[in-house]
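Structure below is start.cif: mmCIF, C-alpha atoms.
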data_target
#
loop_
_atom_site.label_atom_id
_atom_site.label_comp_id
_atom_site.auth_asym_id
_atom_site.auth_seq_id
_atom_site.Cartn_x
_atom_site.Cartn_y
_atom_site.Cartn_z
CA MET A 870 0.00 0.00 0.00
CA PRO A 871 1.50 3.36 -0.96
CA PHE A 872 2.06 5.66 1.96
CA SER A 873 -0.23 8.48 0.83
CA GLU A 874 -3.26 6.20 1.17
CA ILE A 875 -3.00 6.35 4.96
CA PHE A 876 -4.24 9.94 4.65
CA LEU A 877 -7.33 8.73 2.82
CA VAL A 878 -8.05 6.35 5.73
CA VAL A 879 -7.66 9.27 8.16
CA GLY A 880 -10.06 11.36 6.09
CA SER A 881 -12.70 8.62 6.11
CA LEU A 882 -12.39 8.13 9.88
CA LEU A 883 -12.91 11.87 10.36
CA VAL A 884 -16.17 11.56 8.42
CA ILE A 885 -17.35 8.99 11.01
CA PHE A 886 -16.64 11.51 13.81
CA MET A 887 -18.61 14.08 11.83
CA ILE A 888 -21.61 11.72 11.86
CA LEU A 889 -21.22 11.33 15.65
CA SER A 890 -21.34 15.12 16.00
CA LEU A 891 -24.33 15.23 13.68
CA ILE A 892 -26.26 13.11 16.21
CA ARG A 893 -25.81 15.93 18.72
CA ALA A 894 -26.93 18.46 16.12
CA VAL A 895 -30.14 16.47 15.63
CA LEU A 896 -30.75 15.70 19.33
CA GLY A 897 -29.57 18.99 20.87
CA PRO A 898 -32.25 20.30 23.21
CA THR A 899 -31.31 23.98 22.74
CA ILE A 900 -30.12 26.03 19.79
CA PRO A 901 -26.59 26.69 21.17
CA ASP A 902 -26.09 22.92 21.42
CA ARG A 903 -26.77 22.60 17.72
CA VAL A 904 -24.40 25.49 16.97
CA VAL A 905 -21.64 23.79 18.98
CA ALA A 906 -22.15 20.60 16.97
CA LEU A 907 -22.00 22.61 13.75
CA ASP A 908 -18.77 24.28 14.84
CA THR A 909 -17.22 20.90 15.64
CA ILE A 910 -18.26 19.55 12.23
CA ASN A 911 -16.64 22.57 10.57
CA THR A 912 -13.33 21.95 12.34
CA LEU A 913 -13.45 18.27 11.38
CA VAL A 914 -14.19 19.18 7.75
CA VAL A 915 -11.10 21.41 7.69
CA ALA A 916 -8.94 18.64 9.18
CA SER A 917 -10.24 16.02 6.75
CA MET A 918 -9.73 18.37 3.79
CA VAL A 919 -6.10 18.83 4.81
CA ALA A 920 -5.66 15.05 5.09
CA LEU A 921 -7.36 14.42 1.73
CA GLY A 922 -5.19 17.10 0.11
CA ALA A 923 -2.12 15.15 1.19
CA GLY A 924 -3.74 11.87 0.12
CA TYR A 925 -4.69 12.96 -3.40
CA LYS A 926 -1.57 15.20 -3.81
CA GLU A 927 -3.74 18.23 -4.63
CA VAL A 928 -2.86 21.61 -3.13
CA ILE A 929 -6.26 23.02 -4.08
CA TYR A 930 -7.93 21.01 -1.28
CA ILE A 931 -5.88 22.90 1.28
CA ASP A 932 -6.66 26.28 -0.29
CA VAL A 933 -10.33 25.41 -0.02
CA ALA A 934 -9.76 24.37 3.62
CA ILE A 935 -8.32 27.81 4.47
CA VAL A 936 -11.30 29.62 2.95
CA TYR A 937 -13.72 27.15 4.56
CA ALA A 938 -12.20 27.74 8.01
CA ILE A 939 -12.59 31.52 7.72
CA LEU A 940 -16.10 31.42 6.24
CA SER A 941 -17.38 28.94 8.83
CA PHE A 942 -15.97 31.19 11.56
CA ILE A 943 -17.93 34.12 10.14
CA ALA A 944 -21.08 31.97 10.00
CA THR A 945 -20.62 30.99 13.67
CA LEU A 946 -20.19 34.63 14.65
CA TYR A 947 -23.38 35.57 12.81
CA ILE A 948 -25.42 32.84 14.48
CA ALA A 949 -24.03 33.89 17.87
CA LYS A 950 -24.93 37.51 17.19
CA TYR A 951 -28.43 36.44 16.17
CA LEU A 952 -28.88 34.41 19.38
CA GLU A 953 -27.86 37.44 21.45
CA GLY A 954 -30.56 39.44 19.70
CA GLY A 955 -28.15 41.76 17.91
CA ILE A 956 -29.59 41.49 14.39
CA MET B 1243 -0.60 56.76 5.09
CA LEU B 1244 1.63 54.63 7.30
CA THR B 1245 -1.27 52.33 8.18
CA PHE B 1246 -2.02 51.92 4.45
CA ILE B 1247 1.60 50.92 3.69
CA ILE B 1248 1.77 48.43 6.57
CA THR B 1249 -1.55 46.80 5.63
CA ALA B 1250 -0.60 46.56 1.96
CA VAL B 1251 2.79 45.01 2.77
CA ALA B 1252 1.19 42.46 5.11
CA VAL B 1253 -1.43 41.50 2.51
CA PHE B 1254 1.26 41.21 -0.17
CA ALA B 1255 3.36 38.93 2.07
CA LEU B 1256 0.33 36.67 2.61
CA TYR B 1257 -0.31 36.62 -1.15
CA LEU B 1258 3.30 35.64 -1.83
CA LEU B 1259 3.07 32.87 0.77
CA LEU B 1260 -0.03 31.40 -0.86
CA THR B 1261 1.23 31.60 -4.46
CA ALA B 1262 4.81 30.39 -3.87
CA GLY B 1263 5.83 27.81 -6.46
CA SER B 1264 3.75 29.24 -9.31
CA ALA B 1265 6.84 29.83 -11.48
CA ILE B 1266 6.36 29.03 -15.18
CA PRO B 1267 9.50 28.52 -17.31
CA GLY B 1268 10.13 31.68 -19.31
CA SER B 1269 8.62 34.34 -17.05
CA THR B 1270 9.82 33.84 -13.52
CA VAL B 1271 10.98 35.94 -10.57
CA PHE B 1272 12.62 33.50 -8.12
CA LEU B 1273 9.61 31.33 -7.06
CA TRP B 1274 6.77 33.31 -8.61
CA SER B 1275 5.70 34.02 -12.16
CA ARG B 1276 5.69 37.67 -13.22
CA GLU B 1277 1.92 37.80 -13.72
CA GLU B 1278 1.28 36.59 -10.17
CA ILE B 1279 3.51 39.32 -8.73
CA LEU B 1280 1.77 42.01 -10.79
CA ALA B 1281 -1.69 40.78 -9.74
CA GLY B 1282 -0.50 40.59 -6.12
CA ILE B 1283 0.72 44.21 -6.14
CA ILE B 1284 -2.58 45.49 -7.55
CA LEU B 1285 -4.70 43.43 -5.16
CA SER B 1286 -2.66 44.39 -2.11
CA ILE B 1287 -2.97 48.10 -2.95
CA VAL B 1288 -6.76 47.71 -3.22
CA ALA B 1289 -6.92 45.69 0.01
CA GLY B 1290 -4.72 48.23 1.79
CA LEU B 1291 -7.01 51.08 0.73
CA ILE B 1292 -10.10 49.25 1.94
CA GLY B 1293 -8.68 47.88 5.19
CA ARG B 1294 -6.32 50.61 6.32
CA ASN B 1295 -8.35 51.43 9.42
CA VAL B 1296 -8.78 47.84 10.61
CA LEU B 1297 -5.37 46.82 11.88
CA PHE B 1298 -4.38 50.05 13.66
CA ARG B 1299 -7.60 51.42 14.99
CA GLU B 1300 -5.93 52.96 18.03
CA LYS B 1301 -2.98 54.45 16.08
CA ASN B 1302 -0.65 52.35 18.16
CA TYR B 1303 2.35 50.76 16.46
CA ARG B 1304 3.83 48.70 19.29
CA MET B 1305 3.12 45.36 17.55
CA LEU B 1306 5.64 46.26 14.82
CA ASN B 1307 8.44 45.48 17.27
CA PRO B 1308 9.94 42.12 16.21
CA LYS B 1309 10.78 41.30 19.82
CA ARG B 1310 7.06 40.94 20.57
CA TRP B 1311 6.60 38.53 17.66
CA PHE B 1312 9.59 36.51 18.85
CA LEU B 1313 8.08 36.34 22.35
CA PHE B 1314 4.75 35.34 20.82
CA ILE B 1315 6.32 32.39 19.00
CA VAL B 1316 8.24 31.34 22.13
CA TYR B 1317 4.95 31.51 24.04
CA LEU B 1318 3.13 29.43 21.41
CA VAL B 1319 5.57 26.53 21.28
CA GLY B 1320 6.51 26.64 24.97
CA PRO B 1321 4.05 27.21 27.83
CA PHE B 1322 0.96 27.42 25.61
CA PHE B 1323 1.49 24.11 23.85
CA PHE B 1324 2.32 22.37 27.13
CA ALA B 1325 -0.83 23.72 28.80
CA MET B 1326 -2.88 22.68 25.78
CA ALA B 1327 -1.62 19.09 25.93
CA LYS B 1328 -2.41 19.02 29.66
CA ALA B 1329 -5.88 20.42 28.95
CA ASN B 1330 -6.61 17.65 26.49
CA PHE B 1331 -5.70 14.90 28.91
CA ASP B 1332 -7.84 16.66 31.52
CA VAL B 1333 -10.81 16.72 29.15
CA ALA B 1334 -10.17 13.09 28.22
CA TYR B 1335 -10.36 12.15 31.90
CA ARG B 1336 -13.60 14.06 32.34
CA VAL B 1337 -15.18 12.64 29.19
CA LEU B 1338 -14.41 9.09 30.25
CA THR B 1339 -15.41 9.40 33.94
CA GLY B 1340 -18.04 12.15 33.79
CA LYS B 1341 -16.80 13.90 36.97
CA ILE B 1342 -17.59 17.60 36.70
CA ASN B 1343 -18.08 20.45 39.16
CA PRO B 1344 -18.73 23.47 36.95
CA GLY B 1345 -19.29 27.15 37.67
CA ILE B 1346 -18.71 30.60 36.24
CA VAL B 1347 -16.07 32.65 38.06
CA LYS B 1348 -14.84 36.20 37.59
CA ILE B 1349 -11.17 37.11 37.30
CA SER B 1350 -9.54 40.51 36.87
CA PRO B 1351 -6.30 40.10 34.92
CA LYS B 1352 -5.60 43.88 34.94
CA LEU B 1353 -4.85 44.12 31.23
CA SER B 1354 -5.73 47.36 29.46
CA THR B 1355 -5.55 46.81 25.70
CA ASP B 1356 -8.00 44.96 23.45
CA LEU B 1357 -5.27 42.81 21.91
CA GLY B 1358 -3.99 41.70 25.31
CA ILE B 1359 -7.44 40.71 26.53
CA THR B 1360 -8.14 38.85 23.26
CA LEU B 1361 -4.90 36.90 23.54
CA LEU B 1362 -5.63 36.00 27.16
CA ALA B 1363 -9.22 34.96 26.41
CA ASP B 1364 -8.17 32.71 23.53
CA SER B 1365 -5.41 31.16 25.66
CA ILE B 1366 -7.88 30.55 28.49
CA THR B 1367 -10.29 28.81 26.13
CA LEU B 1368 -7.65 26.32 24.98
CA THR B 1369 -6.06 25.56 28.37
CA PRO B 1370 -7.05 23.21 31.23
CA GLY B 1371 -10.65 23.22 32.34
CA THR B 1372 -11.53 26.81 31.49
CA LEU B 1373 -13.61 28.58 28.84
CA SER B 1374 -14.02 32.34 28.61
CA VAL B 1375 -17.70 33.31 28.48
CA ASP B 1376 -18.00 37.08 28.71
CA VAL B 1377 -15.98 40.24 29.25
CA ASN B 1378 -16.81 43.44 31.06
CA GLU B 1379 -15.66 46.06 28.58
CA GLU B 1380 -15.26 48.85 31.15
CA THR B 1381 -13.11 47.08 33.73
CA ASN B 1382 -11.67 44.33 31.46
CA ASP B 1383 -12.79 41.60 33.86
CA LEU B 1384 -13.20 38.16 32.34
CA TYR B 1385 -15.98 35.72 33.22
CA VAL B 1386 -14.64 32.19 32.93
CA HIS B 1387 -16.55 28.92 32.90
CA TRP B 1388 -14.47 26.56 35.02
CA ILE B 1389 -15.22 22.85 34.81
CA ASN B 1390 -13.80 21.97 38.23
CA VAL B 1391 -14.30 24.85 40.67
CA LYS B 1392 -11.96 24.98 43.65
CA LYS B 1393 -12.82 27.52 46.32
CA PRO B 1394 -11.52 30.11 47.09
CA VAL B 1395 -11.09 31.28 43.49
CA LYS B 1396 -7.56 32.45 42.79
CA ILE B 1397 -6.33 33.77 39.46
CA GLU B 1398 -3.27 31.49 39.50
CA ASN B 1399 -5.52 28.43 39.60
CA VAL B 1400 -7.58 29.63 36.65
CA CYS B 1401 -4.97 30.68 34.13
CA GLY B 1402 -1.48 30.26 35.60
CA SER B 1403 1.11 32.70 34.28
CA PHE B 1404 -0.81 33.65 31.12
CA PRO B 1405 -1.63 37.26 32.14
CA GLU B 1406 2.11 37.89 32.54
CA TRP B 1407 2.78 36.56 29.04
CA ALA B 1408 -0.10 38.53 27.53
CA ARG B 1409 1.21 41.69 29.17
CA ARG B 1410 4.71 41.09 27.85
CA ILE B 1411 3.51 40.31 24.31
CA ALA B 1412 0.74 42.82 23.78
CA GLU B 1413 1.27 45.78 26.14
CA MET C 641 16.54 4.63 8.11
CA ILE C 642 15.47 8.25 8.39
CA GLU C 643 12.50 7.44 6.19
CA LEU C 644 11.41 4.67 8.55
CA ILE C 645 11.66 6.96 11.61
CA LEU C 646 9.69 9.66 9.80
CA ARG C 647 7.04 7.12 8.88
CA TYR C 648 6.59 6.07 12.51
CA ILE C 649 6.45 9.71 13.64
CA LEU C 650 3.72 10.24 11.05
CA TYR C 651 1.76 7.24 12.33
CA ILE C 652 2.03 8.53 15.91
CA PHE C 653 0.90 12.05 14.95
CA LEU C 654 -2.04 10.78 12.93
CA GLY C 655 -2.99 8.45 15.78
CA ILE C 656 -2.96 11.29 18.33
CA GLY C 657 -4.98 13.47 15.98
CA LEU C 658 -7.62 10.82 15.38
CA PHE C 659 -7.83 9.93 19.08
CA PHE C 660 -8.48 13.49 20.20
CA ASN C 661 -10.93 14.22 17.38
CA CYS C 662 -12.85 11.10 18.38
CA LEU C 663 -12.78 12.21 22.01
CA GLY C 664 -14.19 15.60 21.01
CA SER C 665 -17.15 13.96 19.28
CA ILE C 666 -17.80 11.60 22.20
CA GLY C 667 -17.54 14.45 24.70
CA LEU C 668 -20.08 16.36 22.65
CA LEU C 669 -22.48 13.47 23.08
CA ARG C 670 -21.78 12.73 26.75
CA PHE C 671 -21.63 16.05 28.59
CA PRO C 672 -24.80 17.50 30.13
CA ASP C 673 -24.99 21.15 29.01
CA VAL C 674 -23.74 23.53 26.34
CA TYR C 675 -20.75 24.94 28.25
CA THR C 676 -19.18 21.60 29.09
CA ARG C 677 -19.86 20.46 25.52
CA LEU C 678 -17.96 23.50 24.32
CA HIS C 679 -15.02 22.44 26.52
CA ALA C 680 -14.84 19.05 24.85
CA ALA C 681 -15.56 20.24 21.32
CA THR C 682 -13.16 23.19 21.20
CA LYS C 683 -10.12 21.82 23.00
CA CYS C 684 -10.10 18.31 21.63
CA THR C 685 -10.87 19.06 18.01
CA THR C 686 -8.38 21.94 17.88
CA PHE C 687 -5.62 19.78 19.35
CA GLY C 688 -6.43 16.83 17.08
CA SER C 689 -6.56 18.99 13.98
CA ILE C 690 -3.21 20.54 14.90
CA PHE C 691 -1.64 17.10 14.98
CA ILE C 692 -3.19 16.03 11.66
CA ALA C 693 -1.93 19.26 10.08
CA LEU C 694 1.54 18.69 11.59
CA ALA C 695 1.60 15.20 10.08
CA VAL C 696 0.74 16.64 6.66
CA ILE C 697 3.45 19.30 7.06
CA ILE C 698 6.07 16.67 7.94
CA TYR C 699 4.92 14.47 5.05
CA GLY C 700 5.16 17.40 2.62
CA LEU C 701 8.60 18.42 3.83
CA GLY C 702 9.82 14.81 3.67
CA CYS C 703 8.64 14.38 0.07
CA TRP C 704 10.16 17.75 -0.80
CA TYR C 705 13.48 16.63 0.67
CA ARG C 706 13.31 13.52 -1.54
CA GLY C 707 13.02 15.74 -4.59
CA GLU C 708 9.33 16.26 -5.39
CA SER C 709 9.11 20.04 -5.29
CA ALA C 710 5.29 20.24 -5.53
CA TYR C 711 5.06 19.09 -1.90
CA ALA C 712 6.74 22.25 -0.55
CA THR C 713 3.63 24.25 -1.47
CA LEU C 714 1.49 21.60 0.26
CA ALA C 715 3.41 22.16 3.51
CA LEU C 716 3.27 25.98 3.18
CA HIS C 717 -0.47 26.03 2.57
CA THR C 718 -1.08 23.66 5.45
CA ILE C 719 0.76 26.08 7.75
CA ALA C 720 -1.63 28.82 6.62
CA ALA C 721 -4.65 26.55 7.25
CA LEU C 722 -3.28 25.70 10.71
CA ALA C 723 -2.91 29.39 11.59
CA ALA C 724 -6.47 30.11 10.43
CA LEU C 725 -7.82 27.21 12.50
CA LEU C 726 -5.86 28.21 15.61
CA ILE C 727 -7.15 31.80 15.52
CA THR C 728 -10.78 31.17 14.58
CA ASN C 729 -11.63 28.18 16.77
CA PRO C 730 -11.38 29.61 20.33
CA THR C 731 -12.93 32.88 19.20
CA GLY C 732 -15.95 31.06 17.80
CA ALA C 733 -16.30 29.06 21.02
CA HIS C 734 -16.23 32.28 23.05
CA ALA C 735 -18.93 33.79 20.82
CA ILE C 736 -21.20 30.76 21.25
CA ALA C 737 -20.70 30.72 25.04
CA ARG C 738 -21.53 34.41 25.34
CA ALA C 739 -24.59 34.05 23.12
CA ALA C 740 -25.80 31.06 25.13
CA HIS C 741 -25.48 32.93 28.43
CA ARG C 742 -27.17 36.05 27.08
CA SER C 743 -30.02 34.06 25.59
CA GLY C 744 -30.76 32.73 29.06
CA ILE C 745 -29.28 29.22 29.17
CA MET C 746 -27.66 28.69 32.57
CA PRO C 747 -25.00 26.06 33.31
CA LYS C 748 -26.41 22.85 34.79
CA GLN C 749 -25.12 21.48 38.14
CA ALA C 750 -23.33 24.81 38.64
CA VAL C 751 -21.87 25.53 42.08
CA MET C 752 -21.55 29.26 41.40
CA ASP C 753 -22.39 31.79 38.66
CA GLU C 754 -20.81 35.20 39.21
CA LEU C 755 -21.82 36.46 35.77
CA LYS C 756 -25.52 36.02 36.58
CA GLU C 757 -25.05 37.73 39.95
CA ASP C 758 -23.27 40.68 38.32
CA LYS C 759 -25.98 40.97 35.67
CA ILE C 760 -28.75 41.19 38.26
CA GLU C 761 -27.02 44.06 40.07
#

Turn this file's structure into structure tokens for me.
Amino acid sequence: MPFSEIFLVVGSLLVIFMILSLIRAVLGPTIPDRVVALDTINTLVVASMVALGAGYKEVIYIDVAIVYAILSFIATLYIAKYLEGGI
Amino acid sequence: MLTFIITAVAVFALYLLLTAGSAIPGSTVFLWSREEILAGIILSIVAGLIGRNVLFREKNYRMLNPKRWFLFIVYLVGPFFFAMAKANFDVAYRVLTGKINPGIVKISPKLSTDLGITLLADSITLTPGTLSVDVNEETNDLYVHWINVKKPVKIENVCGSFPEWARRIAE
Amino acid sequence: MIELILRYILYIFLGIGLFFNCLGSIGLLRFPDVYTRLHAATKCTTFGSIFIALAVIIYGLGCWYRGESAYATLALHTIAALAALLITNPTGAHAIARAAHRSGIMPKQAVMDELKEDKIE
């Protein structure tokens, strides 16, 4: 097995953790619980994109990961502002 | 004017970092192709014009001192990384056993600048058993959610020597 | 020889990263209220992602050293992604915690809450 395939295995395992977090997003009794689950999924998506970029030898995956990290941060801030009653 | 130049140079450095290795045979400047450099200069001038009031809102240039950046990197790889590793084993213990004793406590780190309080709050969030919840913007007091409250509340127990580091780096 | 050592370091880093990411997801499911869930989610996933990114950086630098120059850009871009993650993650957690407290969700099993006391005054 070529070494770069280990990164593909890591990426697939991260998807399983995303599904675990998704259970909390579905169950979550309050809205902030769901937002926390969403935030966790975003971080895991960034990590798995970095791993897949190394696995497929494509730099573009990592560029997308940078932009995804920043945009998901902005989305979290907006939801937080909305929950505070700022918008 | 000075803020515009600093912002444009910082944006240009980031652009160069992200396009390194784009050299095409025939039109190349070290690692970059000539077209990339030209596009980077134009874009960084535009970004500098738009964002010139963001980085230096208080007209305070103390973060340009390289000694502060050196201290920041020492802080990141030294005490911060160690505390973060400890925090993760702490959380692992609490996830597996479920022993918690939470509460929200108030600490006054006596920092005065926005950057210092931001650095301290982010450090607190990533280090053992603590999560910053709110800040009093007049007195700069932090409200910290602490997963294992020990009374009486002392600032050393909550965040160790981090206020000292934040003061040295950002003030 | 060096290649073998690097390979084992990579396995260890990826293992640590996966373990802590898994722990973050389990903590999210197990803890009782939003603040303790934030503890698990933020700390563990940030730490795990740092280690996965470090493994990719080491892999890129190792391949670059062996003579494949495209991997140097992989390592550089991963450093940028790591910096973005390290800045945005705790700030987002702080925003969610503040929003939760202001929208009236109090910590469960709490022994003290000085923020609530100060707000009433």

Q. So which one's closest to Gly688 in chain C, A:Ala916, A:Val933, A:Ile910, A:Ile948? Using all atoms listed in the file, please.
A. A:Ala916

Residues of chain C that have any atom at most 7 Å from an atom of chain B: could you tabulate them with the shortest-distance atom pair and the distance in Å to one decimal, using only C-alpha atoms, ordered by chain and increasing number, as JSON lines?
{"residue": "C:Leu663", "atom": "CA", "partner": "B:Ala1334", "partner_atom": "CA", "distance": 6.8}
{"residue": "C:Gly667", "atom": "CA", "partner": "B:Val1337", "partner_atom": "CA", "distance": 5.4}
{"residue": "C:His679", "atom": "CA", "partner": "B:Leu1373", "partner_atom": "CA", "distance": 6.7}
{"residue": "C:Ala680", "atom": "CA", "partner": "B:Val1333", "partner_atom": "CA", "distance": 6.3}
{"residue": "C:Lys683", "atom": "CA", "partner": "B:Leu1368", "partner_atom": "CA", "distance": 5.5}
{"residue": "C:Cys684", "atom": "CA", "partner": "B:Asn1330", "partner_atom": "CA", "distance": 6.0}
{"residue": "C:Thr713", "atom": "CA", "partner": "B:Gly1263", "partner_atom": "CA", "distance": 6.5}
{"residue": "C:His717", "atom": "CA", "partner": "B:Leu1260", "partner_atom": "CA", "distance": 6.4}
{"residue": "C:Pro730", "atom": "CA", "partner": "B:Asp1364", "partner_atom": "CA", "distance": 5.5}
{"residue": "C:Thr731", "atom": "CA", "partner": "B:Asp1364", "partner_atom": "CA", "distance": 6.4}
{"residue": "C:His734", "atom": "CA", "partner": "B:Val1375", "partner_atom": "CA", "distance": 5.7}
{"residue": "C:Ala737", "atom": "CA", "partner": "B:Val1375", "partner_atom": "CA", "distance": 5.2}
{"residue": "C:Arg738", "atom": "CA", "partner": "B:Val1375", "partner_atom": "CA", "distance": 5.1}
{"residue": "C:Gln749", "atom": "CA", "partner": "B:Pro1344", "partner_atom": "CA", "distance": 6.8}
{"residue": "C:Ala750", "atom": "CA", "partner": "B:Gly1345", "partner_atom": "CA", "distance": 4.8}
{"residue": "C:Val751", "atom": "CA", "partner": "B:Gly1345", "partner_atom": "CA", "distance": 5.4}
{"residue": "C:Met752", "atom": "CA", "partner": "B:Gly1345", "partner_atom": "CA", "distance": 4.8}
{"residue": "C:Asp753", "atom": "CA", "partner": "B:Ile1346", "partner_atom": "CA", "distance": 4.6}
{"residue": "C:Glu754", "atom": "CA", "partner": "B:Val1347", "partner_atom": "CA", "distance": 5.5}
{"residue": "C:Leu755", "atom": "CA", "partner": "B:Tyr1385", "partner_atom": "CA", "distance": 6.4}

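Here CA of Ile1287 in chain B is placed at a distance of 8.4 Å from CA of Phe1246 in chain B.
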
Q) Got a sec to resolve the PyMOL selection byres ((chain A) within 7 of (chain C)) on this structure and send the residues as an MDAnalysis selection string? A) chainID A and resid 886 889:890 893 901:902 905 909 912 916 919:920 923 928 931:932 934:935 938:939 942 945:946 949:950 952:953

Q: Go through A:Ile875, A:Ile929, A:Leu896, A:Tyr951 one by one, measure the shortest atom-to-atom distance of each to chain B using all atoms listed in the file, and give the residue with the smallest value.
A: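 Ranking A:Ile875, A:Ile929, A:Leu896, A:Tyr951 by distance to chain B, first place goes to A:Ile929.
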
Where does the PyMOL selection byres ((chain B and resi 1313-1321) around 12) land in this file, that is, which residues does it pick, as a compact mmCIF listing (two decimals) with C-alpha atoms, keeping the file's coordinate frame?
# COMPACT_ATOMS: atom_id res chain seq x y z
CA MET B 1305 3.12 45.36 17.55
CA ASN B 1307 8.44 45.48 17.27
CA PRO B 1308 9.94 42.12 16.21
CA LYS B 1309 10.78 41.30 19.82
CA ARG B 1310 7.06 40.94 20.57
CA TRP B 1311 6.60 38.53 17.66
CA PHE B 1312 9.59 36.51 18.85
CA PHE B 1322 0.96 27.42 25.61
CA PHE B 1323 1.49 24.11 23.85
CA PHE B 1324 2.32 22.37 27.13
CA ALA B 1325 -0.83 23.72 28.80
CA MET B 1326 -2.88 22.68 25.78
CA ALA B 1327 -1.62 19.09 25.93
CA LYS B 1328 -2.41 19.02 29.66
CA GLY B 1358 -3.99 41.70 25.31
CA LEU B 1361 -4.90 36.90 23.54
CA LEU B 1362 -5.63 36.00 27.16
CA ASP B 1364 -8.17 32.71 23.53
CA SER B 1365 -5.41 31.16 25.66
CA LEU B 1368 -7.65 26.32 24.98
CA THR B 1369 -6.06 25.56 28.37
CA CYS B 1401 -4.97 30.68 34.13
CA GLY B 1402 -1.48 30.26 35.60
CA SER B 1403 1.11 32.70 34.28
CA PHE B 1404 -0.81 33.65 31.12
CA PRO B 1405 -1.63 37.26 32.14
CA GLU B 1406 2.11 37.89 32.54
CA TRP B 1407 2.78 36.56 29.04
CA ALA B 1408 -0.10 38.53 27.53
CA ARG B 1409 1.21 41.69 29.17
CA ARG B 1410 4.71 41.09 27.85
CA ILE B 1411 3.51 40.31 24.31
CA ALA B 1412 0.74 42.82 23.78
CA ALA C 723 -2.91 29.39 11.59
CA LEU C 726 -5.86 28.21 15.61

Q | Distance criterion (all atoms listed in the file): nearest to Tyr930 in chain A out of A:Ile892, A:Val904, A:Asn911, A:Ser917 | A |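 So, comparing all the options, the nearest one is A:Ser917.
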
(Q) Please expand the PyMOL selection byres ((chain B and resi 1254) around 12) into the concrete residues it hits in this file, giving the result as a list of chain:residue names. (A)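 The output of the PyMOL selection byres ((chain B and resi 1254) around 12) on this file is B:Ile1247, B:Ile1248, B:Thr1249, B:Ala1250, B:Val1251, B:Ala1252, B:Val1253, B:Ala1255, B:Leu1256, B:Tyr1257, B:Leu1258, B:Leu1259, B:Leu1260, B:Thr1261, B:Ala1262, B:Glu1278, B:Ile1279, B:Leu1280, B:Ala1281, B:Gly1282, B:Ile1283, B:Ile1284, B:Leu1285, B:Ser1286, B:Ile1287, B:Val1288, B:Ala1289, B:Gly1290.
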
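Picture a line from CA of Thr1339 in chain B to CA of Lys748 in chain C; it runs 17.4 Å.
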
(Q) What does the structure give for the distance between CA of Ala906 in chain A and CA of Leu891 in chain A, in Å to one decimal? (A)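 Those two atoms sit 6.7 Å apart.
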
Q: Identify which of the residues A:Leu913, A:Gly954, A:Tyr947, A:Val936 lies closest to Ser881 in chain A, counting all atoms listed in the file when measuring atom-to-atom distances.
A: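 When distances to Ser881 in chain A are compared using all atoms listed in the file, the smallest one comes from A:Leu913.
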
Q: Tell me which of C:Phe671, C:Phe659, C:Trp704, C:Phe687 sits closest to Leu882 in chain A, counting all atoms listed in the file.
A: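 For Leu882 in chain A, the nearest of the given residues is C:Phe659.
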
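The residue set within 12 Å of Glu874 in chain A, counting all atoms listed in the file and dropping same-chain residues fewer than 5 places from it, reads A:Val879, A:Gly880, A:Ser881, A:Ala920, A:Leu921, A:Gly922, A:Ala923, A:Gly924, A:Tyr925, A:Lys926.
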
Q | Nearest residue to Leu646 in chain C from the set C:Gly707, C:Pro747, C:Pro672, C:Gly702 (distances using only C-alpha atoms) | A | C:Gly702
